[in-house]
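Trainee: I have a structure here, written as structure tokens, and I will follow up with some questions on it.
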Amino acid sequence: MRILVIGSGGREHAMAWKLSQNPRVERLFIAPGNGGTAEAGENVDIKDDDIRGLVAFARKNSVDLVVPGPELPLVLGVTDAMTEAGIPCFGPDAYAAKLEGSKLFAKTVMREAGVPTAGFAMFQDVKAAREFVRDRGGPVVVKADGLAAGKGVAVCHTVECAEQALEEMLVANRFGGAGSKVLVEDLLEGEEASFLAFCDGERVALMPSSQDHKAIGDGDTGPNTGGMGAYSPAPVLPRSKWEETAELVILPIIRHMKAAGHPFRGVLYAGIMMTEAGPMVLEYNVRFGDPECQPLLMRLDCDLTEVMLACAQGRLDPAMVRWKDDTALCVVMAAQGYPEKYEKGMRIEGIRNSEELPGVKVFQAGTRREDGLVISSGGRVLGVTALAPNLAAAQKLAYQAIERIQFPKSYFRRDIGAKGLGRGV
């Protein structure tokens with residue numbers, strides 16, 4: 001088999017690492033890839049939004065399966081284009097990808113499908129939006145409608161905070177066209193969980209629960225990022241609740257998309273708030289989360305290549321998907337200053353030394369290779385991931401692994417997994 005992975009982050013390194021374990025995989029291409037993916041396969045200098053270039057490459061190189069990592073190529077229609085070229089693609093078509101590409105579309109689908117979610121209102125006019133939040137007075141969440149790399153969400157406990165977020169999105173144009181429309185939602189109280197499933201348009205294979213850490217600082221303080229760490233399973237969503245939760249937040253969407261003529265194939269990701277009234281959906285993603293992908297794939301105990309191909313071809317058997325009982329935890333090492341201004345070009349050492357610890361894998365995100373060295377090239381640089389019998393052991397192992405890495409001007413949260421441990425795990 002020949003496989004093309006699209007993307008350049010830690011999620012794509014994790015997928016390439018897992019896909020490369022199939023002995024049938026003859027060639028593994030990653031476009032554009034990073035310093036870590038270069039070890040698992042061959043990096044290709046094509047950007048993830050160059051749909052025409054990706055299709056041409058896949059055709060020329062007789063690719064058997066395309067695996068888009070990020071949301072952008074999916075929203076731009078890479079699956080539609082690959083399907084037209086006769087190449088299986090693991091991901092939803094452009095219509096279904098609007099579940100992530102447009103918050104308004106997702107909320108409308110949730111309402112039609114009966115999925116529990118927060119009340120909301122949509123605005124394009126900043127004056128009307130200001131009046132709404134002033135009249136409402138209570139805590140709200142302000143969201144950019146379009147794609148904003150995980151950063152277009154402001155949790156506001158005061159009217160002043162909400163007005164500032166509206167100003168940044170609708171007036172200052174901080175997120176460009178993605179923020180030309182904004183949603184103002186009721187703020188849900190509780191603990192968050194990520195709940196993902198492999199889907200083939202009709203059948204699903206549930207993944208274990210996980211929990212992301214979006215805020216930059218310990219204790220969930222500071223601005224949102226693309227994710228500073230994750231672990232799986234998440235005690236807030238135990239195994240005994242997975243099927244029940246899927247009936248609320250996963251299966252209604254699968255049925256709705258099939259009825260709409262756009263069967264959802266790929267990974268459906270439900271970001272959930274576990275409230276006193278039960279699980280409520282905060283958002284949907286149409287791909288693996290980053291960094292949730294890293295601990296999930298560390299736990300996956302079957303062949304990812306065959307699962308993805310089965311989903312793309314509409315023949316998924318949930319029994320083919322198996323998971324290790326262990327816990328996996330990922331801590332993101334970022335460049336100081338992220339998600340705002342940060343330096344690039346810093347030399348990173350100690351990755352191999354870190355991976356000598358049993359159960360540790362360092363997934364590279366914002367890195368490149370230069371003269372045999374690993375150099376930082378982004379804000380989120382490494383995802384140090386550990387697999388161990390329980391959450392406490394996985395947390396301890398991940399931070400031990402970090403101590404072996406030399407990375408100047410690095411930053412990482414020191415409390416990944418603390419919520420789960422606080423629940424007596």
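So you can find residues: chains in the structure tokens are A, B, ... in the order shown, residues in each start at 1, and ligands are numbered from 1 in order.
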Which parts of stretch 208-274 of chain A does DSSP call helix (DSSP H, G or I) when run on the backbone here, written out as a list of chain:residue names?

Mentor: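 Assigned to helix (DSSP H, G or I), within stretch 208-274 of chain A: A:Arg239, A:Ser240, A:Lys241, A:Trp242, A:Glu243, A:Glu244, A:Thr245, A:Ala246, A:Glu247, A:Leu248, A:Val249, A:Leu251, A:Pro252, A:Ile253, A:Ile254, A:Arg255, A:His256, A:Met257, A:Lys258, A:Ala259.
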
Trainee: Among stretch 290-402 of chain A, which residues carry a DSSP assignment of strand (DSSP E), reported as a JSON list (two decimals) with N, CA and C atoms, in the first residue's frame?

Mentor:
```
[["chain", "number", "residue", "atom", "x", "y", "z"],
["A", 327, "THR", "N", -3.41, 3.63, 30.46],
["A", 327, "THR", "CA", -3.67, 5.07, 30.31],
["A", 327, "THR", "C", -2.52, 5.70, 29.54],
["A", 328, "ALA", "N", -2.83, 6.64, 28.66],
["A", 328, "ALA", "CA", -1.80, 7.40, 27.95],
["A", 328, "ALA", "C", -1.99, 8.89, 28.24],
["A", 329, "LEU", "N", -0.87, 9.60, 28.39],
["A", 329, "LEU", "CA", -0.91, 11.03, 28.71],
["A", 329, "LEU", "C", 0.13, 11.76, 27.89],
["A", 330, "CYS", "N", -0.27, 12.88, 27.30],
["A", 330, "CYS", "CA", 0.60, 13.68, 26.44],
["A", 330, "CYS", "C", 0.75, 15.08, 27.03],
["A", 331, "VAL", "N", 1.99, 15.53, 27.17],
["A", 331, "VAL", "CA", 2.29, 16.90, 27.60],
["A", 331, "VAL", "C", 2.92, 17.64, 26.43],
["A", 332, "VAL", "N", 2.36, 18.76, 26.04],
["A", 332, "VAL", "CA", 2.89, 19.55, 24.94],
["A", 332, "VAL", "C", 3.99, 20.48, 25.44],
["A", 333, "MET", "N", 5.14, 20.40, 24.81],
["A", 333, "MET", "CA", 6.22, 21.36, 25.05],
["A", 333, "MET", "C", 6.13, 22.42, 23.96],
["A", 334, "ALA", "N", 5.91, 23.66, 24.38],
["A", 334, "ALA", "CA", 5.72, 24.77, 23.45],
["A", 334, "ALA", "C", 6.87, 25.76, 23.57],
["A", 335, "ALA", "N", 6.91, 26.68, 22.63],
["A", 335, "ALA", "CA", 7.87, 27.78, 22.70],
["A", 335, "ALA", "C", 7.31, 28.86, 23.61],
["A", 347, "ARG", "N", 17.38, 24.80, 18.90],
["A", 347, "ARG", "CA", 17.86, 23.42, 18.79],
["A", 347, "ARG", "C", 17.27, 22.58, 19.92],
["A", 348, "ILE", "N", 16.81, 21.38, 19.58],
["A", 348, "ILE", "CA", 16.18, 20.47, 20.55],
["A", 348, "ILE", "C", 17.03, 19.22, 20.65],
["A", 360, "VAL", "N", 7.39, 5.50, 26.38],
["A", 360, "VAL", "CA", 7.44, 6.91, 25.99],
["A", 360, "VAL", "C", 7.64, 7.05, 24.48],
["A", 361, "LYS", "N", 6.88, 7.94, 23.87],
["A", 361, "LYS", "CA", 7.08, 8.34, 22.48],
["A", 361, "LYS", "C", 6.94, 9.85, 22.39],
["A", 362, "VAL", "N", 7.90, 10.50, 21.75],
["A", 362, "VAL", "CA", 7.87, 11.96, 21.58],
["A", 362, "VAL", "C", 7.40, 12.27, 20.16],
["A", 363, "PHE", "N", 6.20, 12.80, 20.06],
["A", 363, "PHE", "CA", 5.66, 13.19, 18.76],
["A", 363, "PHE", "C", 6.04, 14.63, 18.47],
["A", 364, "GLN", "N", 6.58, 14.85, 17.29],
["A", 364, "GLN", "CA", 7.05, 16.19, 16.92],
["A", 364, "GLN", "C", 5.96, 16.94, 16.17],
["A", 367, "THR", "N", 8.49, 21.28, 14.30],
["A", 367, "THR", "CA", 9.92, 21.00, 14.15],
["A", 367, "THR", "C", 10.28, 20.85, 12.68],
["A", 368, "ARG", "N", 11.57, 21.01, 12.42],
["A", 368, "ARG", "CA", 12.14, 20.71, 11.10],
["A", 368, "ARG", "C", 13.52, 20.12, 11.32],
["A", 369, "ARG", "N", 14.04, 19.46, 10.31],
["A", 369, "ARG", "CA", 15.38, 18.87, 10.39],
["A", 369, "ARG", "C", 16.36, 19.73, 9.61],
["A", 370, "GLU", "N", 17.50, 19.95, 10.22],
["A", 370, "GLU", "CA", 18.53, 20.78, 9.58],
["A", 370, "GLU", "C", 19.90, 20.21, 9.94],
["A", 373, "LEU", "N", 19.96, 17.84, 12.77],
["A", 373, "LEU", "CA", 19.49, 18.36, 14.05],
["A", 373, "LEU", "C", 17.98, 18.60, 13.99],
["A", 374, "VAL", "N", 17.33, 18.56, 15.16],
["A", 374, "VAL", "CA", 15.91, 18.90, 15.26],
["A", 374, "VAL", "C", 15.81, 20.35, 15.73],
["A", 375, "ILE", "N", 15.13, 21.18, 14.93],
["A", 375, "ILE", "CA", 15.02, 22.62, 15.18],
["A", 375, "ILE", "C", 13.56, 22.99, 15.33],
["A", 376, "SER", "N", 13.26, 23.89, 16.28],
["A", 376, "SER", "CA", 11.87, 24.30, 16.47],
["A", 376, "SER", "C", 11.43, 25.21, 15.32],
["A", 380, "ARG", "N", 3.60, 25.09, 19.16],
["A", 380, "ARG", "CA", 3.57, 23.78, 19.85],
["A", 380, "ARG", "C", 4.63, 22.92, 19.18],
["A", 381, "VAL", "N", 5.63, 22.50, 19.93],
["A", 381, "VAL", "CA", 6.82, 21.91, 19.33],
["A", 381, "VAL", "C", 6.86, 20.39, 19.48],
["A", 382, "LEU", "N", 6.63, 19.88, 20.69],
["A", 382, "LEU", "CA", 6.70, 18.44, 20.95],
["A", 382, "LEU", "C", 5.48, 18.00, 21.75],
["A", 383, "GLY", "N", 5.10, 16.74, 21.58],
["A", 383, "GLY", "CA", 4.06, 16.13, 22.39],
["A", 383, "GLY", "C", 4.65, 14.91, 23.08],
["A", 384, "VAL", "N", 5.10, 15.08, 24.29],
["A", 384, "VAL", "CA", 5.77, 14.00, 25.02],
["A", 384, "VAL", "C", 4.68, 13.10, 25.60],
["A", 385, "THR", "N", 4.62, 11.86, 25.13],
["A", 385, "THR", "CA", 3.49, 10.98, 25.42],
["A", 385, "THR", "C", 3.95, 9.71, 26.11],
["A", 386, "ALA", "N", 3.24, 9.33, 27.16],
["A", 386, "ALA", "CA", 3.62, 8.17, 27.97],
["A", 386, "ALA", "C", 2.44, 7.23, 28.11],
["A", 387, "LEU", "N", 2.72, 5.92, 28.06],
["A", 387, "LEU", "CA", 1.72, 4.88, 28.25],
["A", 387, "LEU", "C", 2.10, 4.09, 29.50],
["A", 388, "ALA", "N", 1.14, 3.97, 30.44],
["A", 388, "ALA", "CA", 1.42, 3.30, 31.71],
["A", 388, "ALA", "C", 0.13, 2.67, 32.23]]
```

Trainee: So which one's closest to A:Val281, A:Phe195, A:Trp242, A:Phe175, A:Phe123? Using only C-alpha atoms, please.

Mentor: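 Of A:Phe195, A:Trp242, A:Phe175, A:Phe123, the one nearest A:Val281 is A:Phe195, counting only C-alpha atoms.
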
Trainee: Atom CA of A:Thr275 and atom CA of A:Gly190 are how many Å apart?

Mentor: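 Rounded to one decimal, the two atoms are 4.7 Å apart.
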
Trainee: To one decimal in Å, tell me the separation between atom CA of A:Asn224 and atom CA of A:Val141.

Mentor: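 One can read the atom CA of A:Asn224 to atom CA of A:Val141 distance as 12.5 Å.
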
Trainee: Which distance in Å separates atom CA of A:Gly378 and atom CA of A:Glu343, to one decimal?

Mentor: 8.2 Å

Trainee: Sort by chain and increasing residue number a table of all residues of stretch 191-212 of chain A within 10 Å of stretch 297-308 of chain A, each with its closest pair of atoms and their distance in Å to one decimal, counting only C-alpha atoms, and write it as JSON lines.

Mentor:
```
{"residue": "A:Phe198", "atom": "CA", "partner": "A:Met308", "partner_atom": "CA", "distance": 8.0}
{"residue": "A:Cys199", "atom": "CA", "partner": "A:Met308", "partner_atom": "CA", "distance": 9.1}
{"residue": "A:Asp200", "atom": "CA", "partner": "A:Met308", "partner_atom": "CA", "distance": 8.9}
{"residue": "A:Ala205", "atom": "CA", "partner": "A:Val307", "partner_atom": "CA", "distance": 9.6}
{"residue": "A:Met207", "atom": "CA", "partner": "A:Leu300", "partner_atom": "CA", "distance": 8.9}
{"residue": "A:Pro208", "atom": "CA", "partner": "A:Arg299", "partner_atom": "CA", "distance": 9.0}
```

Trainee: Go ahead and dump the residues you just picked, all heavy atoms, as a PDB file, in the first residue's frame.

Mentor:
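Ended up saving to selection24.pdb:
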```
ATOM      1  N   PHE A 198     -14.593   6.367  15.209  1.00  0.00           N
ATOM      2  CA  PHE A 198     -14.381   6.033  13.803  1.00  0.00           C
ATOM      3  C   PHE A 198     -15.756   5.817  13.179  1.00  0.00           C
ATOM      4  O   PHE A 198     -16.620   5.162  13.772  1.00  0.00           O
ATOM      5  CB  PHE A 198     -13.566   4.741  13.671  1.00  0.00           C
ATOM      6  CG  PHE A 198     -12.124   4.851  14.072  1.00  0.00           C
ATOM      7  CD1 PHE A 198     -11.652   4.217  15.219  1.00  0.00           C
ATOM      8  CD2 PHE A 198     -11.214   5.567  13.293  1.00  0.00           C
ATOM      9  CE1 PHE A 198     -10.318   4.296  15.582  1.00  0.00           C
ATOM     10  CE2 PHE A 198      -9.881   5.651  13.648  1.00  0.00           C
ATOM     11  CZ  PHE A 198      -9.426   5.019  14.791  1.00  0.00           C
ATOM     12  N   CYS A 199     -15.960   6.337  11.963  1.00  0.00           N
ATOM     13  CA  CYS A 199     -17.269   6.249  11.322  1.00  0.00           C
ATOM     14  C   CYS A 199     -17.114   5.867   9.849  1.00  0.00           C
ATOM     15  O   CYS A 199     -16.174   6.328   9.180  1.00  0.00           O
ATOM     16  CB  CYS A 199     -17.999   7.605  11.385  1.00  0.00           C
ATOM     17  SG  CYS A 199     -17.996   8.394  13.006  1.00  0.00           S
ATOM     18  N   ASP A 200     -18.039   5.071   9.341  1.00  0.00           N
ATOM     19  CA  ASP A 200     -18.005   4.715   7.915  1.00  0.00           C
ATOM     20  C   ASP A 200     -19.252   5.196   7.177  1.00  0.00           C
ATOM     21  O   ASP A 200     -19.552   4.747   6.079  1.00  0.00           O
ATOM     22  CB  ASP A 200     -17.826   3.203   7.740  1.00  0.00           C
ATOM     23  CG  ASP A 200     -19.096   2.392   8.011  1.00  0.00           C
ATOM     24  OD1 ASP A 200     -20.061   2.957   8.580  1.00  0.00           O
ATOM     25  OD2 ASP A 200     -19.121   1.198   7.653  1.00  0.00           O
ATOM     26  N   ALA A 205     -17.276   2.997  15.554  1.00  0.00           N
ATOM     27  CA  ALA A 205     -16.470   2.304  16.559  1.00  0.00           C
ATOM     28  C   ALA A 205     -15.994   3.377  17.527  1.00  0.00           C
ATOM     29  O   ALA A 205     -15.204   4.256  17.163  1.00  0.00           O
ATOM     30  CB  ALA A 205     -15.287   1.589  15.916  1.00  0.00           C
ATOM     31  N   MET A 207     -14.166   5.464  20.359  1.00  0.00           N
ATOM     32  CA  MET A 207     -12.837   5.536  20.958  1.00  0.00           C
ATOM     33  C   MET A 207     -12.991   5.794  22.453  1.00  0.00           C
ATOM     34  O   MET A 207     -14.008   6.335  22.900  1.00  0.00           O
ATOM     35  CB  MET A 207     -12.023   6.661  20.318  1.00  0.00           C
ATOM     36  CG  MET A 207     -11.821   6.500  18.827  1.00  0.00           C
ATOM     37  SD  MET A 207     -10.644   7.707  18.177  1.00  0.00           S
ATOM     38  CE  MET A 207     -11.183   7.763  16.457  1.00  0.00           C
ATOM     39  N   PRO A 208     -11.979   5.440  23.249  1.00  0.00           N
ATOM     40  CA  PRO A 208     -12.040   5.755  24.675  1.00  0.00           C
ATOM     41  C   PRO A 208     -12.122   7.270  24.874  1.00  0.00           C
ATOM     42  O   PRO A 208     -11.645   8.055  24.054  1.00  0.00           O
ATOM     43  CB  PRO A 208     -10.714   5.203  25.218  1.00  0.00           C
ATOM     44  CG  PRO A 208     -10.266   4.208  24.208  1.00  0.00           C
ATOM     45  CD  PRO A 208     -10.754   4.706  22.892  1.00  0.00           C
TER      46      PRO A 208
END
```

Trainee: Set out as a tab-separated table a contact list for stretch 303-404 of chain A and stretch 82-100 of chain A with a cut-off of 9 Å, giving each residue of stretch 303-404 of chain A that qualifies its closest atom pair and distance in Å to one decimal, counting only C-alpha atoms, ordered by chain and rising residue number.

Mentor:
```
residue	atom	partner	partner_atom	distance
A:Met308	CA	A:Phe90	CA	5.9
A:Leu309	CA	A:Phe90	CA	6.9
A:Ala310	CA	A:Phe90	CA	8.9
A:Cys311	CA	A:Phe90	CA	6.7
A:Ala312	CA	A:Phe90	CA	4.9
A:Gln313	CA	A:Pro88	CA	6.9
```
